[in-house]
Each structure stands twice: as structure tokens, then as C-alpha cells.
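Okay, input-v3.cif is below, mmCIF, C-alpha atoms and all ligand atoms:
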```cif
data_query
#
loop_
_atom_site.label_atom_id
_atom_site.label_comp_id
_atom_site.auth_asym_id
_atom_site.auth_seq_id
_atom_site.Cartn_x
_atom_site.Cartn_y
_atom_site.Cartn_z
CA MET A 1 132.66 178.94 76.19
CA ALA A 2 134.36 175.55 75.83
CA LYS A 3 134.21 174.03 72.36
CA ILE A 4 131.96 170.97 72.35
CA ARG A 5 133.25 168.32 70.00
CA THR A 6 131.24 165.27 68.91
CA PRO A 7 133.43 162.24 69.57
CA ILE A 8 134.54 160.22 66.55
CA PRO A 9 132.81 156.79 66.73
CA SER A 10 134.84 153.57 66.76
CA LEU A 11 134.48 150.34 64.80
CA LYS A 12 135.06 147.01 66.53
CA LEU A 13 137.51 144.86 64.56
CA ASN A 14 137.34 141.05 64.30
CA ASP A 15 140.13 140.71 66.89
CA GLY A 16 138.19 142.69 69.51
CA THR A 17 140.13 145.96 69.17
CA PHE A 18 138.54 149.27 68.21
CA MET A 19 139.41 151.56 65.30
CA PRO A 20 138.41 155.27 65.33
CA MET A 21 136.14 155.83 62.33
CA LEU A 22 138.03 158.82 60.87
CA GLY A 23 141.72 158.65 60.10
CA TYR A 24 144.38 161.22 59.23
CA GLY A 25 146.76 160.11 56.47
CA THR A 26 150.42 160.95 56.01
CA GLY A 27 150.75 159.60 52.50
CA THR A 28 149.51 162.18 50.04
CA ALA A 29 149.40 165.83 51.05
CA TRP A 30 152.26 165.00 53.35
CA TYR A 31 154.75 163.32 51.08
CA LYS A 32 158.01 164.65 52.44
CA SER A 33 159.06 167.95 50.96
CA VAL A 34 162.64 167.57 52.18
CA GLU A 35 165.36 164.99 51.56
CA GLU A 36 164.40 161.59 52.93
CA SER A 37 167.01 161.52 55.72
CA LYS A 38 165.95 164.97 57.01
CA ILE A 39 163.06 165.62 59.36
CA ASP A 40 160.20 167.50 57.68
CA GLN A 41 158.83 169.94 60.24
CA ALA A 42 155.72 170.58 58.09
CA VAL A 43 154.72 166.92 58.46
CA ILE A 44 155.19 167.10 62.23
CA ASP A 45 153.18 170.32 62.45
CA GLY A 46 150.34 168.85 60.37
CA LEU A 47 150.17 165.76 62.55
CA LYS A 48 150.22 167.81 65.74
CA THR A 49 147.43 170.02 64.40
CA ALA A 50 145.35 166.93 63.60
CA ILE A 51 146.01 165.33 66.99
CA GLY A 52 145.20 168.63 68.72
CA LEU A 53 141.86 168.74 66.91
CA GLY A 54 140.99 165.24 68.14
CA TYR A 55 142.26 162.91 65.41
CA THR A 56 143.59 159.76 67.09
CA HIS A 57 143.73 157.41 64.07
CA LEU A 58 146.95 158.17 62.18
CA ASP A 59 147.80 156.36 58.97
CA GLY A 60 151.44 155.90 58.00
CA ALA A 61 153.53 153.59 55.84
CA GLU A 62 157.13 152.67 55.24
CA MET A 63 156.56 153.92 51.65
CA TYR A 64 155.67 157.46 52.78
CA LYS A 65 159.01 157.89 54.60
CA THR A 66 157.23 159.93 57.24
CA GLU A 67 157.48 157.44 60.13
CA PRO A 68 160.17 159.51 61.93
CA GLU A 69 157.91 162.58 61.78
CA LEU A 70 154.96 160.50 62.99
CA GLY A 71 157.04 159.30 65.94
CA ILE A 72 158.11 162.83 66.88
CA ALA A 73 154.57 164.19 66.55
CA ILE A 74 153.18 161.41 68.77
CA LYS A 75 155.79 162.16 71.47
CA GLU A 76 155.36 165.93 71.25
CA SER A 77 151.54 165.76 71.19
CA GLY A 78 151.46 164.76 74.85
CA VAL A 79 148.57 162.39 74.09
CA PRO A 80 149.10 159.03 75.84
CA ARG A 81 150.19 156.32 73.40
CA GLU A 82 147.27 154.06 74.26
CA LYS A 83 144.78 156.78 73.24
CA LEU A 84 146.15 156.74 69.68
CA PHE A 85 145.55 154.27 66.85
CA ILE A 86 148.68 154.06 64.72
CA THR A 87 148.85 152.23 61.39
CA THR A 88 151.89 151.49 59.30
CA LYS A 89 152.36 149.36 56.19
CA VAL A 90 155.13 147.17 54.86
CA ASN A 91 156.41 148.36 51.50
CA ASN A 92 156.35 146.12 48.41
CA SER A 93 160.16 146.06 48.44
CA SER A 94 160.27 144.82 52.06
CA VAL A 95 157.78 141.92 51.99
CA GLY A 96 160.70 139.49 51.81
CA ASP A 97 161.56 140.48 55.38
CA ILE A 98 158.34 141.52 57.09
CA GLN A 99 159.75 141.00 60.57
CA GLY A 100 162.73 143.22 59.77
CA ALA A 101 160.37 145.80 58.25
CA ILE A 102 158.11 146.09 61.30
CA LYS A 103 161.12 146.37 63.61
CA ALA A 104 162.59 149.13 61.42
CA SER A 105 159.21 150.93 61.31
CA LEU A 106 158.79 150.71 65.09
CA LYS A 107 162.27 152.13 65.59
CA LYS A 108 161.47 155.09 63.33
CA LEU A 109 158.09 155.55 65.04
CA GLN A 110 159.73 155.29 68.51
CA LEU A 111 156.98 152.83 69.45
CA ASP A 112 156.85 149.32 70.95
CA TYR A 113 153.84 148.32 68.85
CA VAL A 114 151.52 149.62 66.15
CA ASP A 115 147.77 149.26 66.37
CA LEU A 116 147.50 148.08 62.79
CA PHE A 117 150.13 146.68 60.45
CA LEU A 118 149.19 146.26 56.78
CA ILE A 119 150.72 144.69 53.70
CA HIS A 120 150.63 147.80 51.50
CA THR A 121 149.72 146.01 48.25
CA PRO A 122 149.61 142.51 46.76
CA PHE A 123 151.27 143.67 43.54
CA TRP A 124 154.71 142.24 44.40
CA ALA A 125 153.39 138.62 44.51
CA LYS A 126 153.64 136.25 41.56
CA THR A 127 151.88 133.30 43.24
CA ASP A 128 149.26 132.56 45.88
CA GLU A 129 151.96 130.77 47.90
CA GLU A 130 153.92 134.03 48.16
CA LEU A 131 150.82 135.84 49.41
CA GLN A 132 150.17 133.04 51.91
CA ALA A 133 153.77 133.04 53.20
CA ALA A 134 153.71 136.82 53.70
CA TRP A 135 150.44 136.55 55.60
CA ALA A 136 151.87 133.81 57.85
CA THR A 137 154.70 136.21 58.74
CA MET A 138 152.16 138.92 59.57
CA GLU A 139 150.64 136.43 62.02
CA VAL A 140 154.07 135.95 63.63
CA VAL A 141 154.40 139.75 63.98
CA GLN A 142 151.03 139.90 65.72
CA GLN A 143 151.90 136.96 67.99
CA ALA A 144 155.10 138.77 68.98
CA GLY A 145 153.01 141.76 70.10
CA LEU A 146 154.52 144.14 67.56
CA ALA A 147 151.10 144.84 65.99
CA LYS A 148 147.77 144.61 67.80
CA SER A 149 145.92 144.04 64.52
CA ILE A 150 147.10 142.90 61.11
CA GLY A 151 145.58 143.45 57.72
CA VAL A 152 146.12 144.17 54.06
CA SER A 153 145.62 146.98 51.57
CA ASN A 154 144.59 146.97 47.91
CA TYR A 155 143.60 143.28 47.99
CA LEU A 156 140.68 142.21 45.77
CA PRO A 157 138.60 139.06 46.54
CA LYS A 158 140.86 136.74 44.55
CA ARG A 159 143.92 137.64 46.66
CA LEU A 160 141.92 137.60 49.91
CA GLU A 161 140.60 134.14 49.05
CA ALA A 162 144.16 132.96 48.50
CA ILE A 163 145.34 134.05 51.95
CA LEU A 164 142.19 132.86 53.71
CA LYS A 165 142.93 129.31 52.48
CA THR A 166 145.90 129.07 54.86
CA ALA A 167 145.33 131.93 57.33
CA LYS A 168 145.10 131.26 61.07
CA VAL A 169 144.05 134.89 61.58
CA VAL A 170 141.51 136.57 59.31
CA PRO A 171 142.80 140.03 58.25
CA ALA A 172 141.30 142.67 60.53
CA CYS A 173 140.98 145.12 57.66
CA ASN A 174 141.60 145.86 54.01
CA GLN A 175 142.48 149.47 53.15
CA ILE A 176 141.18 150.31 49.68
CA GLU A 177 140.34 153.30 47.51
CA PHE A 178 136.67 153.93 48.15
CA HIS A 179 134.32 156.76 47.13
CA PRO A 180 131.07 157.05 45.16
CA TYR A 181 132.94 156.50 41.89
CA LEU A 182 134.72 153.37 43.15
CA GLN A 183 132.27 151.47 45.36
CA HIS A 184 133.75 147.98 45.23
CA THR A 185 130.36 146.39 45.95
CA GLY A 186 131.51 142.78 45.54
CA LEU A 187 134.60 143.38 47.66
CA LEU A 188 132.58 144.98 50.46
CA ASP A 189 130.20 141.99 50.47
CA PHE A 190 133.24 139.71 50.71
CA HIS A 191 134.59 141.76 53.64
CA LYS A 192 131.25 141.55 55.47
CA LYS A 193 131.01 137.80 54.93
CA HIS A 194 134.47 137.27 56.44
CA GLY A 195 134.39 139.95 59.15
CA ILE A 196 137.04 142.11 57.50
CA ALA A 197 136.73 145.85 58.18
CA THR A 198 137.10 148.29 55.29
CA THR A 199 139.17 151.45 55.50
CA ALA A 200 138.86 153.96 52.68
CA TYR A 201 141.62 156.00 51.18
CA GLY A 202 140.76 158.75 48.72
CA PRO A 203 137.33 159.20 50.35
CA LEU A 204 137.05 162.79 49.02
CA THR A 205 137.81 161.85 45.43
CA ALA A 206 134.26 162.52 44.14
CA VAL A 207 134.44 166.13 45.37
CA THR A 208 138.08 166.75 44.45
CA LYS A 209 139.95 164.89 41.70
CA ALA A 210 136.95 163.25 40.00
CA LYS A 211 134.86 166.41 39.62
CA PRO A 212 132.72 167.12 37.65
CA GLY A 213 130.57 164.02 38.00
CA PRO A 214 127.01 162.69 38.14
CA ALA A 215 126.83 162.92 41.94
CA ASP A 216 127.76 166.65 42.11
CA ASP A 217 124.24 168.10 42.41
CA PHE A 218 123.06 165.53 44.93
CA LEU A 219 126.20 165.98 47.05
CA ALA A 220 125.56 169.74 47.01
CA SER A 221 121.93 169.29 48.08
CA LEU A 222 122.95 166.98 50.96
CA ALA A 223 125.62 169.47 52.03
CA LYS A 224 122.95 172.17 52.15
CA LYS A 225 120.52 169.98 54.09
CA TYR A 226 123.08 169.04 56.77
CA ALA A 227 124.83 172.45 56.78
CA VAL A 228 128.22 170.91 56.02
CA ASN A 229 130.26 170.72 52.81
CA GLU A 230 130.42 167.99 50.15
CA GLY A 231 133.63 166.62 51.67
CA GLU A 232 131.93 165.89 54.96
CA ILE A 233 129.03 164.24 53.10
CA SER A 234 131.61 162.01 51.39
CA LEU A 235 133.20 161.07 54.72
CA ARG A 236 129.82 160.39 56.33
CA TRP A 237 128.76 158.28 53.34
CA CYS A 238 131.70 156.00 54.25
CA ILE A 239 130.98 155.95 57.99
CA ASP A 240 127.29 155.17 57.45
CA GLN A 241 128.33 152.10 55.47
CA ASP A 242 130.72 150.98 58.27
CA VAL A 243 133.72 152.04 56.19
CA VAL A 244 136.45 154.03 57.97
CA PRO A 245 137.61 157.01 55.85
CA ILE A 246 141.26 158.08 55.94
CA THR A 247 141.56 161.64 54.77
CA THR A 248 144.15 164.37 55.10
CA SER A 249 144.84 168.06 54.63
CA SER A 250 147.58 170.53 55.38
CA LYS A 251 144.92 173.10 56.29
CA GLU A 252 143.72 173.29 59.89
CA GLN A 253 140.31 174.67 58.89
CA ARG A 254 139.68 171.73 56.56
CA LEU A 255 140.75 169.23 59.21
CA SER A 256 138.45 170.90 61.69
CA ASP A 257 135.56 170.90 59.18
CA TYR A 258 136.02 167.17 58.41
CA LEU A 259 135.18 166.45 62.07
CA ARG A 260 131.63 167.60 61.35
CA ALA A 261 131.23 164.20 59.67
CA ALA A 262 130.70 162.89 63.21
CA THR A 263 127.75 165.22 63.85
CA PHE A 264 125.04 163.93 61.48
CA LYS A 265 123.85 160.76 59.78
CA LEU A 266 122.66 160.15 56.20
CA THR A 267 119.40 158.28 55.67
CA GLN A 268 119.35 154.88 53.96
CA ALA A 269 117.50 156.48 51.01
CA GLU A 270 120.22 159.14 50.67
CA ILE A 271 122.96 156.53 50.70
CA LYS A 272 121.10 154.51 48.07
CA GLU A 273 120.64 157.55 45.83
CA LEU A 274 124.30 158.55 46.14
CA ASN A 275 125.35 154.98 45.36
CA GLU A 276 123.16 154.91 42.25
CA LEU A 277 124.52 158.24 41.01
CA GLY A 278 128.08 157.13 41.81
CA GLU A 279 127.63 153.96 39.74
CA LYS A 280 127.31 156.16 36.63
CA LYS A 281 131.02 157.01 36.71
CA HIS A 282 134.18 154.99 37.37
CA TYR A 283 137.32 156.68 38.67
CA ARG A 284 140.47 155.21 40.23
CA GLY A 285 143.05 157.69 41.50
CA PHE A 286 145.76 155.35 42.83
CA TRP A 287 147.61 152.27 41.57
CA ALA A 288 145.54 152.17 38.34
CA ALA A 289 148.22 150.50 36.20
CA LYS A 290 148.94 147.92 38.90
CA PHE A 291 145.24 147.08 39.22
CA ASP A 292 144.95 146.67 35.44
CA GLU A 293 147.82 144.17 35.53
CA HIS A 294 146.42 142.46 38.63
CA ASP A 295 142.91 142.04 37.20
CA ARG A 296 144.26 140.47 34.02
CA SER A 297 146.31 137.85 35.90
N1 LIG B 301 146.90 152.11 50.99
C1 LIG B 301 147.11 152.84 49.92
O1 LIG B 301 147.51 152.34 48.86
C2 LIG B 301 146.84 154.32 49.98
C3 LIG B 301 146.74 155.07 48.79
C4 LIG B 301 146.46 156.43 48.90
C5 LIG B 301 146.30 157.01 50.14
N2 LIG B 301 146.43 156.27 51.29
C6 LIG B 301 146.27 156.87 52.64
O2 LIG B 301 145.05 157.60 52.68
C7 LIG B 301 145.31 158.96 53.04
C8 LIG B 301 144.28 159.87 52.41
O3 LIG B 301 144.30 159.74 51.00
P1 LIG B 301 143.85 160.93 50.07
O4 LIG B 301 144.72 162.11 50.33
O5 LIG B 301 143.73 160.46 48.67
O6 LIG B 301 142.40 161.23 50.68
P2 LIG B 301 141.23 162.26 50.37
O7 LIG B 301 140.38 161.80 49.26
O8 LIG B 301 140.58 162.51 51.67
O9 LIG B 301 141.92 163.56 49.84
C9 LIG B 301 142.56 164.46 50.68
C10 LIG B 301 143.16 165.54 49.80
O10 LIG B 301 142.11 166.31 49.23
C11 LIG B 301 142.40 167.68 49.43
N3 LIG B 301 141.14 168.42 49.53
C12 LIG B 301 140.25 168.40 50.53
N4 LIG B 301 139.22 169.21 50.27
C13 LIG B 301 139.48 169.76 49.07
C14 LIG B 301 138.79 170.67 48.26
N5 LIG B 301 137.64 171.21 48.65
N6 LIG B 301 139.33 171.00 47.07
C15 LIG B 301 140.50 170.46 46.67
N7 LIG B 301 141.21 169.59 47.41
C16 LIG B 301 140.71 169.25 48.59
C17 LIG B 301 143.18 167.71 50.73
O11 LIG B 301 143.91 168.87 50.88
C18 LIG B 301 144.04 166.48 50.60
O12 LIG B 301 145.20 166.75 49.85
C19 LIG B 301 146.75 159.18 52.59
O13 LIG B 301 147.38 160.27 53.25
C20 LIG B 301 147.39 157.86 52.97
O14 LIG B 301 147.66 157.84 54.36
C21 LIG B 301 146.67 154.93 51.21
O1 LIG B 302 149.52 154.50 49.90
C1 LIG B 302 149.99 154.94 48.67
C2 LIG B 302 149.90 156.38 48.62
C3 LIG B 302 150.26 157.01 47.34
C4 LIG B 302 150.62 158.30 47.27
N1 LIG B 302 150.86 158.61 45.99
C5 LIG B 302 150.65 157.55 45.21
C6 LIG B 302 150.73 157.40 43.83
C7 LIG B 302 150.43 156.16 43.28
C8 LIG B 302 150.06 155.12 44.10
C9 LIG B 302 149.96 155.28 45.48
C10 LIG B 302 150.27 156.51 46.03
#
```

Would you mind giving the structure from this file in C-alpha cells?
Ligand SMILES: NC(=O)c1ccc[n+]([C@@H]2O[C@H](COP(=O)([O-])OP(=O)(O)OC[C@H]3O[C@@H](n4cnc5c(N)ncnc54)[C@H](O)[C@@H]3O)[C@@H](O)[C@H]2O)c1
Ligand SMILES: OCCc1c[nH]c2ccccc12
Amino acid sequence: MAKIRTPIPSLKLNDGTFMPMLGYGTGTAWYKSVEESKIDQAVIDGLKTAIGLGYTHLDGAEMYKTEPELGIAIKESGVPREKLFITTKVNNSSVGDIQGAIKASLKKLQLDYVDLFLIHTPFWAKTDEELQAAWATMEVVQQAGLAKSIGVSNYLPKRLEAILKTAKVVPACNQIEFHPYLQHTGLLDFHKKHGIATTAYGPLTAVTKAKPGPADDFLASLAKKYAVNEGEISLRWCIDQDVVPITTSSKEQRLSDYLRAATFKLTQAEIKELNELGEKKHYRGFWAAKFDEHDRS
């Protein structure tokens, strides 16, 4: 019997394009295990497994050094380019030449355009003017057709406010760490007010790195109720709040299981309870020192 798969829903971005609401990341489990200049077959195989399972939203970055593998996997997957949603990000060290960076990324990806191009972090900037100038160059990249959508990552309201003062294009999305122990309530309200979509990295943190925690028992009871595991509850908790989770795994079974997040829906009361339990603990898995610096300035 043919396998019936629930399609992954899409989120409409403020520029009219659509983003699949579950992404596969190439930045953590898939940090290259070989020398940078060499092709890492394990990365290609992981990507092809994900694409074969139905993942179409693939998250890359100049920083991860896996763009060549992403390009090969896309070609070898046989899936038409326009059916895929490809993200890459300009590295902190390349923001001085964003146009050069996107061209170099596209060359490595063997693509004419990316679906989403992000400024990886704001941590390189000393002034608002620098943030504004970088954003203006992102707008040029979009105008040139090299990226369908443009956005940022790891920006808090203060930095978003700075770029919105001079922006012609509102960022389509902000990619942030997001899970029950890092809910960014104020930032999400800011995103909603300005029509900025939220993508979540580290969406499984509450059931992996940040365990044990106050949400453990409730996550387990929800997993039992919906006949999934706690990871899928974590992914669905994002989706039900219009946040697009970017997850990853090197294991095919796990990748296949994550897709069950598309097959059920949490109730408003369950989301509220998980949020309240999550508020009892704070955990940041990425860029912690940079955020400490950033929040002080
Ligand atoms: N923009 C940024 O600054 C930034 C930062 C971090 C990550 N990212 C992107 O987001 C992607 C996903 O990030 P992530 O890996 O933190 O997401 P995640 O929270 O979904 O964690 C995935 C990891 O958890 C592991 N995992 C899954 N189930 C597990 C279990 N039951 N027990 C133990 N481990 C388990 C997986 O094998 C994988 O390594 C990255 O690959 C990258 O593309 C972006
Ligand atoms: O997008 C950044 C991904 C990443 C992978 N490993 C890290 C360690 C510290 C900060 C970010 C990362």
C-alpha cells in the first residue's frame, strides 16, 4: 500500500511568497566532518534522505560551509528547483560585501537564486547605521533577483527597530532560537505587529539539551495523547504559534518521525499550559555570550 503523507503546511510571507512550515537544517548535526575544501558525502546523503522524505525547506549558511553539499544534493535529488525552499545566510565576516557573499553562495549552491537570504547575526555591527547599510544592500540583492525573500537572524527588537527606520522592504523573517525555555514573547509580538515571520532554530531544545525541565511531564502527557514523541510536540508547538521550526537529524527514522508534526494540532489550552511551564526555566543554547554583550549595549 502506498504511504500516505500529510503535506507540510506553508506560511505566507509578507512579500507574498510561501515558506514550508518545517525546515531541515545543515548547521548543527551536519557541521562538516571533513576538511572544508572537500565534499562531505554524509552531508549530501542526509540532505537527500530528508528531501526523499518530503522536506523541501532546507536551511544553509555560508558559516556552515555546507553550501557545496547542499547544491549537489539538490541536483541529485531530482526534485525540481522551484519545489524547494532554499535559505542561506551571510556570515558575520562577509557583511562588508553582501553582494559578493550572495554571488559566492549561489555559485557554491549551483543556483540562480535562493528563496531566502538572511543576515546571520547582528553581532558584527557597532552602530545602527551599519545595520541600516547592510539591510539596504540586502534590498539590492532582492531587487537583482538573487533572493526571493530577505530577512535577518538573531535580531532582537532594538536592532529590528533600527533597520525599520530606513528600510524600504520589511524583513520577511527573523530566524531565532525558540523553544518552551526561550519564548521571546516581546519579540514575537514585535514580529506580528510588523508582519515579520518567525523561524525557530533549536526547536527541540526542551526535549534534548535543556532536559530535565519543568515542562517534561506535560510534554510526555501530550506525546501520549497524540501518539507521537516529545520532539514532535515541540515542533507542533511552534507551528501552532505560526512559527516555522528548523530541525535536523542524521537519522532517517527521526526525520521521518518529525513529519508527524504535520498530522495533529495542539489546543489553545495546551499551548498556554506549555508556555506557562516553559516560563519557569530559561535556556539559551546558541550565541549566549554574544547575546549577553548585545543586551548590555
Ligand atoms: N541562525 C542561527 O544562528 C542558527 C543557530 C543554530 C541552528 N540554526 C539552524 O537550525 C538548524 C536546527 O538547529 P538545531 O540542531 O539546534 O535544532 P533542534 O533543536 O531541532 O535539534 C536537532 C538535534 O537534536 C537531536 N535530537 C533529536 N531528537 C533527539 C533525542 N530524542 N535525543 C537526543 N538528541 C536528539 C538531533 O539529532 C539533532 O542533532 C541547524 O541545523 C541550522 O540550520 C541556525
Ligand atoms: O547558525 C549557527 C549555528 C551554530 C552551530 N553551532 C554553533 C555554536 C555557536 C553559535 C552558533 C552555532

Could you list, as a ChimeraX atom specification, all the residues within 7 Å of ligand LIG 301 (chain B), counting all atoms listed in the file? /A:24-30,59-60,120-121,153-154,175-177,201-205,207-208,231,246-251,254,286

Could you state the separation of CA of Gly52 (chain A) and CA of Gly23 (chain A) in Å, given to one decimal place? 13.6 Å

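The coordinates place CA of Leu131 (chain A) at 24.5 Å from CA of Val243 (chain A).
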
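Restricting the calculation to all atoms listed in the file, the smallest distance between ligand LIG 302 (chain B) and any of A:Leu164, A:Thr56, A:Ala288, A:Asp216 is found for A:Ala288.
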
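Each of A:Ile98, A:Ile51, A:Ala125, A:Ala104 was checked against Thr137 (chain A) using only C-alpha atoms; the smallest atom-to-atom distance is that of A:Ile98.
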
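Using all atoms listed in the file, the nearest neighbour of ligand LIG 302 (chain B) within the list A:Lys108, A:Lys290, A:Lys75, A:Lys280 is A:Lys290.
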
All residues 9 Å or closer to Ile74 (chain A), all atoms listed in the file, same chain fewer than 6 positions away omitted, as a count of residues only: 9

Determine, counting only C-alpha atoms, every residue of protein, DNA or RNA that lies within 10 Å of (136.1, 136.3, 51.5) in the file coordinates, then give the result as JSON, numbers by chain. {"A": [156, 157, 158, 159, 160, 161, 162, 163, 164, 165, 170, 186, 187, 188, 189, 190, 191, 192, 193, 194, 195, 196]}
